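Asks: Okay, handing you the structure first.
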2 protein chains.
Amino acid sequence: MIVPVILCGGSGTRLWPVSRESYPKQFLPLAGEKSLLQATVGRLKGLDGVLPPLLMANDQHRFLVAEQIRALGSGQLGILLEPLARSTAPAVACAALHLLPRYPEALLLVMPADHTMADIAGFQRAVRRGVPLARSGAMVTFGILPDRPEIGYGYIRRGSPLAGEEANPDGDDTSDGMPVFAVDRFVEKPDLDNARRFLAAGDHYWNSGMFLFRADRYLEELERFVPAIPAACRLALAGGGEDPDFLRLERDAFAASPTDSIDYAVMERTERGVVIPIDVGWNDVGSWSSLWTKGGRDADDNVIVGDVVEKDVAGCYLRSEGKLLTAVGIRDQAVVVTPDAVFVSTMDRVQEVKDIVARLKAAGRREAVIHRTAFRPWGSFETLNAAHRFQVKRITVRPGASL
Amino acid sequence: MIVPVILCGGSGTRLWPVSRESYPKQFLPLAGEKSLLQATVGRLKGLDGVLPPLLMANDQHRFLVAEQIRALGSGQLGILLEPLARSTAPAVACAALHLLPRYPEALLLVMPADHTMADIAGFQRAVRRGVPLARSGAMVTFGILPDRPEIGYGYIRRGSPLAGEEANPDGDDTSDGMPVFAVDRFVEKPDLDNARRFLAAGDHYWNSGMFLFRADRYLEELERFVPAIPAACRLALAGGGEDPDFLRLERDAFAASPTDSIDYAVMERTERGVVIPIDVGWNDVGSWSSLWTKGGRDADDNVIVGDVVEKDVAGCYLRSEGKLLTAVGIRDQAVVVTPDAVFVSTMDRVQEVKDIVARLKAAGRREAVIHRTAFRPWGSFETLNAAHRFQVKRITVRPGASL
């Protein structure tokens with residue numbers, strides 16, 4: 001029995017101005033018709049033994065999560081509200097503590113709500129591959145096969161392959177020809193030289209932030225390595241409340257928890273870490289350049305979304321939400337247009353949008369936090385998708401073409 | 001006695017998306033609080049013997065012209081509507097034919113409505129310098145002293161300097177130390193090599209499209225060189241009409257006129273052409289790059305108008321009308337934002353905005369022609385200026401500066 005634990009935190013300023021603090025990227029349909037959160041939930045459809053998800057959300061986003069899940073119609077086990085951010089280890093500890101008495105045998109499948117995946121069947125095979133391992137006590141993570149020397153991600157270095165009974169503890173072969181490895185170690189974001197070495201060596205994977213383990217095993221390991229986390233989480237749950245829509249944590253108790261990620265708190269220290277390499281068209285949607293990299297570029301290396309008219313543009317991500325964007329002659333840039341704000345950047349510096357947002361916040365600018373009042377395409381799921389199902393009215397003018 | 005004849009034609013697509021066919025640049029406050037047309041009228045204030053202007057306008061812009069002149073409160077001699085475009089020679093012929101019986105001694109001062117000038121006193125000195133010459137029958141034009149090897153303008157090559165009584169036919173010295181020259185010839189837009197030669201030689205001036213001559217002399221010369229023009233214009237005026245607000249031309253008669261500019265029809269052929277060189281901070285406002293060139297650049301060579309937040313941007317023209325524009329790391333570009341359209345271009349290719357507009361027109365796109373219905377800051381002169389008197393809320397983030 002698998003319980004998806006979907007992490008809906010994330011402030012999403014790196015995709016400003018489309019994503020804003022009050023409405024971050026996981027709630028937006030940035031790749032396809034569903035929001036990233038909805039696509040994450042949908043990714044498990046058809047997999048055996050999967051219960052509806054438990055959702056971990058920031059308090060301020062609770063209605064967005066609730067509405068988007070309600071609109072899917074597939075149910076959920078609860079929406080657990082984090083009164084403040086304490087990273088992933090405490091969030092999943094609360095999830096485990098909440099679920100354990102109700103589903104003692106549950107495997108937790110931890111998934112960030114703001115990633116995309118092209119090959120869902122491949123992902124489901126990997127989850128199936130991990131189930132018997134997790135059931136027998138392994139702490140499973142999924143490592144993304146890198147296709148470039150990315151310096152923006154952490155890496156996982158694999159150790160020895162698991163073999164025979166260890167790899168297939170139940171005896172029946174669910175391996176699907178998929179190799180699994182012990183985790184050797186987690187590696188911080190590398191410099192370019194190291195990222196190239198990792199890629200060439202073939203023994204490093206990107207850390208996807210997805211995990212599969214038994215709720216009790218996770219709590220055992222956490223108890224060993226950072227006991228202050230489960231201690232704080234028990235108090236936060238006990239002091240919290242439950243109403244028909246949300247599960248709440250007691251703020252002060254939760255605030256007392258150390259801030260720590262699952263990687264740091266558990267995965268780097270456990271002796272039972274296992275990595276399953278996957279190659280499933282994964283994208284962390286972490287910046288405008290990552291949407292460009294994975295966005296289905298055209299012959300001119302452009303990704304164009306929305307109402308765009310361009311002439312001799314190459315290597316660009318051009319996105320407009322509902323108004324006309326025109327461009328001449330630019331190279332290797334991102335241009336993102338919303339009804340109340342425009343962002344233009346060279347592609348190699350799109351991450352610096354965070355500096356713009358920080359400065360806007362410091363200046364008390366509304367645009368840093370919320371969308372324009374008149375612009376609420378995502379007031380509910382239905383209108384959200386209607387507004388974002390853009391007609392791409394694209395006109396390309398070739399250099400030298402007669403008009 | 002001087003009658004300003006102000007040419008308000010011009011479709012203004014080169015400053016799209018701010019300027020549109022239905023509301024082109026001469027009616028917009030692109031440099032200062034008044035529209036370019038209003039600034040043109042105001043440029044003659046304080047000059048002796050100047051009557052209110054006669055305005056030549058496209059039929060579709062008649063209310064814009066009328067309202068902007070009404071708002072100035074300084075009156076006009078008439079708004080003469082061109083039912084279709086026939087270039088400047090027929091337009092000014094109609095003006096001359098209309099004015100001659102009413103003001104037989106009138107000097108016509110022909111001025112395009114869509115240029116700007118920084119040194120108004122200098123311009124007025126040049127007009128005063130031209131008055132006695134024009135009165136004695138010269139066909140005076142004003143040549144702009146070039147400050148760069150511009151290939152986008154036509155040039156006027158000067159001939160011999162006028163001296164003594166010829167230069168000052170009235171005997172009294174109004175020369176103000178200002179030399180005047182016979183016109184040697186008009187030169188089409190040159191290539192860069194020739195433009196550099198012209199600049200180095202110092203004997204070529206930019207053709208500003210401004211003229212000063214007696215109405216009767218203009219008609220005499222036109223009668224000699226292109227008699228079909230005054231013939232058509234007489235019929236157009238006779239068949240037209242006059243109501244309290246507008247003077248109208250009979251369409252078919254006017255359509256029968258050859259299409260010709262004053263330069264071609266008269267100035268290149270007359271023996272009495274005179275050029276007065278002026279250095280008055282003239283700008284034809286012909287493109288976004290010309291607004292950048294003359295726009296008062298900051299230390300980073302940027303011209304920034306409106307609500308803009310930028311980080312490490314240089315050599316750029318950034319203009320936003322009423323919504324937030326943000327930019328990171330870009331160089332030598334123009335970015336122009338209006339409520340319904342965005343234009344991004346490398347600075348050296350901003351002229352190609354005309355290709356974008358042509359393509360939009362071909363596709364039947366409203367944005368090519370009119371502003372968004374909800375966006376009518378210039379419904380009247382007052383709201384126009386209120387909407388365009390931007391507060392520049394600029395925030396600059398230096399590279400390496402801590403946020």
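Here, A, B, ... name the chains of the structure tokens in the order displayed, residue numbers run from 1 inside each chain, and ligands are numbered from 1 in the same displayed order.
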I'd like the contact shell of B:Asp301 - 12 Å cut-off, only C-alpha atoms, skipping same-chain residues fewer than 5 positions apart - returned as a ChimeraX atom specification.
Replies: /B:292-296,312-318,331-333
Asks: Select residues of chain A: the criterion is any atom within 9 Å of an atom of chain B, counting only C-alpha atoms; output as a VMD selection string.
Replies: chain A and resid 309 to 311 322 to 330 333 335 337 339 to 346 349 to 350 352 to 353 355 to 356 358 to 360 362 367 395 397 403
Asks: Run DSSP on the backbone and grab whatever in stretch 178-302 of chain B lands in strand (DSSP E or B); send it over as a PyMOL selection string.
Replies: chain B and resi 181-187+204-214+241-242+247-248+273-278+282-283
Asks: Put those residues in a file: N, CA and C atoms, as a PDB file, in the first residue's frame.
Replies:
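This is the output file result_37.pdb:
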```pdb
ATOM      1  N   PHE B 181      23.187  79.723 -47.454  1.00  0.00           N
ATOM      2  CA  PHE B 181      23.830  79.227 -48.665  1.00  0.00           C
ATOM      3  C   PHE B 181      22.779  78.956 -49.739  1.00  0.00           C
ATOM      4  N   ALA B 182      23.222  79.066 -50.973  1.00  0.00           N
ATOM      5  CA  ALA B 182      22.403  78.527 -52.051  1.00  0.00           C
ATOM      6  C   ALA B 182      22.347  77.014 -51.888  1.00  0.00           C
ATOM      7  N   VAL B 183      21.253  76.401 -52.324  1.00  0.00           N
ATOM      8  CA  VAL B 183      21.177  74.936 -52.329  1.00  0.00           C
ATOM      9  C   VAL B 183      21.900  74.434 -53.561  1.00  0.00           C
ATOM     10  N   ASP B 184      22.893  73.572 -53.375  1.00  0.00           N
ATOM     11  CA  ASP B 184      23.532  72.946 -54.533  1.00  0.00           C
ATOM     12  C   ASP B 184      22.679  71.790 -55.033  1.00  0.00           C
ATOM     13  N   ARG B 185      22.432  70.821 -54.153  1.00  0.00           N
ATOM     14  CA  ARG B 185      21.512  69.749 -54.556  1.00  0.00           C
ATOM     15  C   ARG B 185      21.004  68.972 -53.344  1.00  0.00           C
ATOM     16  N   PHE B 186      19.913  68.263 -53.575  1.00  0.00           N
ATOM     17  CA  PHE B 186      19.372  67.339 -52.577  1.00  0.00           C
ATOM     18  C   PHE B 186      19.947  65.953 -52.849  1.00  0.00           C
ATOM     19  N   VAL B 187      20.286  65.237 -51.774  1.00  0.00           N
ATOM     20  CA  VAL B 187      20.919  63.931 -51.906  1.00  0.00           C
ATOM     21  C   VAL B 187      20.034  62.886 -51.216  1.00  0.00           C
ATOM     22  N   HIS B 204      27.275  69.254 -45.975  1.00  0.00           N
ATOM     23  CA  HIS B 204      25.983  68.594 -46.166  1.00  0.00           C
ATOM     24  C   HIS B 204      25.160  68.728 -44.887  1.00  0.00           C
ATOM     25  N   TYR B 205      23.876  68.929 -45.068  1.00  0.00           N
ATOM     26  CA  TYR B 205      22.967  69.027 -43.926  1.00  0.00           C
ATOM     27  C   TYR B 205      21.858  68.013 -44.094  1.00  0.00           C
ATOM     28  N   TRP B 206      21.255  67.592 -42.947  1.00  0.00           N
ATOM     29  CA  TRP B 206      20.095  66.715 -43.028  1.00  0.00           C
ATOM     30  C   TRP B 206      18.895  67.509 -43.529  1.00  0.00           C
ATOM     31  N   ASN B 207      18.131  66.868 -44.378  1.00  0.00           N
ATOM     32  CA  ASN B 207      16.913  67.459 -44.913  1.00  0.00           C
ATOM     33  C   ASN B 207      15.797  67.322 -43.876  1.00  0.00           C
ATOM     34  N   SER B 208      15.412  68.461 -43.299  1.00  0.00           N
ATOM     35  CA  SER B 208      14.455  68.424 -42.178  1.00  0.00           C
ATOM     36  C   SER B 208      13.005  68.422 -42.621  1.00  0.00           C
ATOM     37  N   GLY B 209      12.778  68.710 -43.900  1.00  0.00           N
ATOM     38  CA  GLY B 209      11.383  68.816 -44.364  1.00  0.00           C
ATOM     39  C   GLY B 209      10.696  70.101 -43.934  1.00  0.00           C
ATOM     40  N   MET B 210      11.473  71.077 -43.492  1.00  0.00           N
ATOM     41  CA  MET B 210      10.902  72.384 -43.106  1.00  0.00           C
ATOM     42  C   MET B 210      11.246  73.410 -44.185  1.00  0.00           C
ATOM     43  N   PHE B 211      10.289  74.237 -44.526  1.00  0.00           N
ATOM     44  CA  PHE B 211      10.469  75.214 -45.603  1.00  0.00           C
ATOM     45  C   PHE B 211       9.832  76.537 -45.231  1.00  0.00           C
ATOM     46  N   LEU B 212      10.338  77.585 -45.869  1.00  0.00           N
ATOM     47  CA  LEU B 212       9.758  78.917 -45.708  1.00  0.00           C
ATOM     48  C   LEU B 212       9.760  79.590 -47.070  1.00  0.00           C
ATOM     49  N   PHE B 213       8.569  79.961 -47.560  1.00  0.00           N
ATOM     50  CA  PHE B 213       8.481  80.643 -48.857  1.00  0.00           C
ATOM     51  C   PHE B 213       7.156  81.395 -48.947  1.00  0.00           C
ATOM     52  N   ARG B 214       7.095  82.316 -49.917  1.00  0.00           N
ATOM     53  CA  ARG B 214       5.824  82.996 -50.162  1.00  0.00           C
ATOM     54  C   ARG B 214       4.853  82.018 -50.809  1.00  0.00           C
ATOM     55  N   GLY B 241     -15.484  71.557 -49.440  1.00  0.00           N
ATOM     56  CA  GLY B 241     -16.449  72.304 -48.659  1.00  0.00           C
ATOM     57  C   GLY B 241     -15.812  72.828 -47.395  1.00  0.00           C
ATOM     58  N   GLU B 242     -16.550  73.673 -46.746  1.00  0.00           N
ATOM     59  CA  GLU B 242     -16.046  74.261 -45.514  1.00  0.00           C
ATOM     60  C   GLU B 242     -17.183  74.225 -44.503  1.00  0.00           C
ATOM     61  N   LEU B 247     -11.963  72.130 -43.274  1.00  0.00           N
ATOM     62  CA  LEU B 247     -11.944  72.400 -44.708  1.00  0.00           C
ATOM     63  C   LEU B 247     -11.743  71.058 -45.405  1.00  0.00           C
ATOM     64  N   ARG B 248     -12.580  70.794 -46.415  1.00  0.00           N
ATOM     65  CA  ARG B 248     -12.510  69.486 -47.068  1.00  0.00           C
ATOM     66  C   ARG B 248     -12.143  69.629 -48.540  1.00  0.00           C
ATOM     67  N   GLY B 273      16.664  78.253 -54.513  1.00  0.00           N
ATOM     68  CA  GLY B 273      16.739  77.488 -53.268  1.00  0.00           C
ATOM     69  C   GLY B 273      17.823  78.013 -52.343  1.00  0.00           C
ATOM     70  N   VAL B 274      17.496  78.152 -51.074  1.00  0.00           N
ATOM     71  CA  VAL B 274      18.425  78.651 -50.057  1.00  0.00           C
ATOM     72  C   VAL B 274      18.336  77.724 -48.850  1.00  0.00           C
ATOM     73  N   VAL B 275      19.506  77.408 -48.289  1.00  0.00           N
ATOM     74  CA  VAL B 275      19.491  76.575 -47.082  1.00  0.00           C
ATOM     75  C   VAL B 275      20.082  77.345 -45.907  1.00  0.00           C
ATOM     76  N   ILE B 276      19.368  77.310 -44.797  1.00  0.00           N
ATOM     77  CA  ILE B 276      19.855  77.911 -43.555  1.00  0.00           C
ATOM     78  C   ILE B 276      20.236  76.766 -42.619  1.00  0.00           C
ATOM     79  N   PRO B 277      21.533  76.637 -42.329  1.00  0.00           N
ATOM     80  CA  PRO B 277      21.950  75.552 -41.437  1.00  0.00           C
ATOM     81  C   PRO B 277      21.512  75.847 -39.996  1.00  0.00           C
ATOM     82  N   ILE B 278      20.961  74.833 -39.341  1.00  0.00           N
ATOM     83  CA  ILE B 278      20.568  75.006 -37.940  1.00  0.00           C
ATOM     84  C   ILE B 278      21.094  73.842 -37.097  1.00  0.00           C
ATOM     85  N   TRP B 282      17.564  68.882 -33.056  1.00  0.00           N
ATOM     86  CA  TRP B 282      16.448  68.346 -33.824  1.00  0.00           C
ATOM     87  C   TRP B 282      16.418  66.823 -33.752  1.00  0.00           C
ATOM     88  N   ASN B 283      15.225  66.253 -33.715  1.00  0.00           N
ATOM     89  CA  ASN B 283      15.066  64.797 -33.729  1.00  0.00           C
ATOM     90  C   ASN B 283      13.797  64.482 -34.497  1.00  0.00           C
TER      91      ASN B 283
END
```
Asks: Which residue out of B:Ser35, B:Leu222, B:Leu100, B:Cys8 has the minimum interatomic distance to B:Leu55 when only C-alpha atoms are used?
Replies: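 Of the candidates, the smallest distance to B:Leu55 is held by B:Cys8.
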Asks: Find the spatial neighbours of B:Arg128, counting only C-alpha atoms, within a cut-off of 12 Å - ignore same-chain residues fewer than 6 positions away - and output them as a ChimeraX atom specification.
Replies: /B:1-2,44,46-50,107,109,121-122,134-135,140,142,168,173-176,178,212,276
Asks: Just checking: using only C-alpha atoms, which residue out of B:Arg86, B:Leu199, B:Leu72, B:Arg43 ends up closest to B:Gln124?
Replies: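 Checking each candidate against B:Gln124, we get B:Arg43 as the closest.
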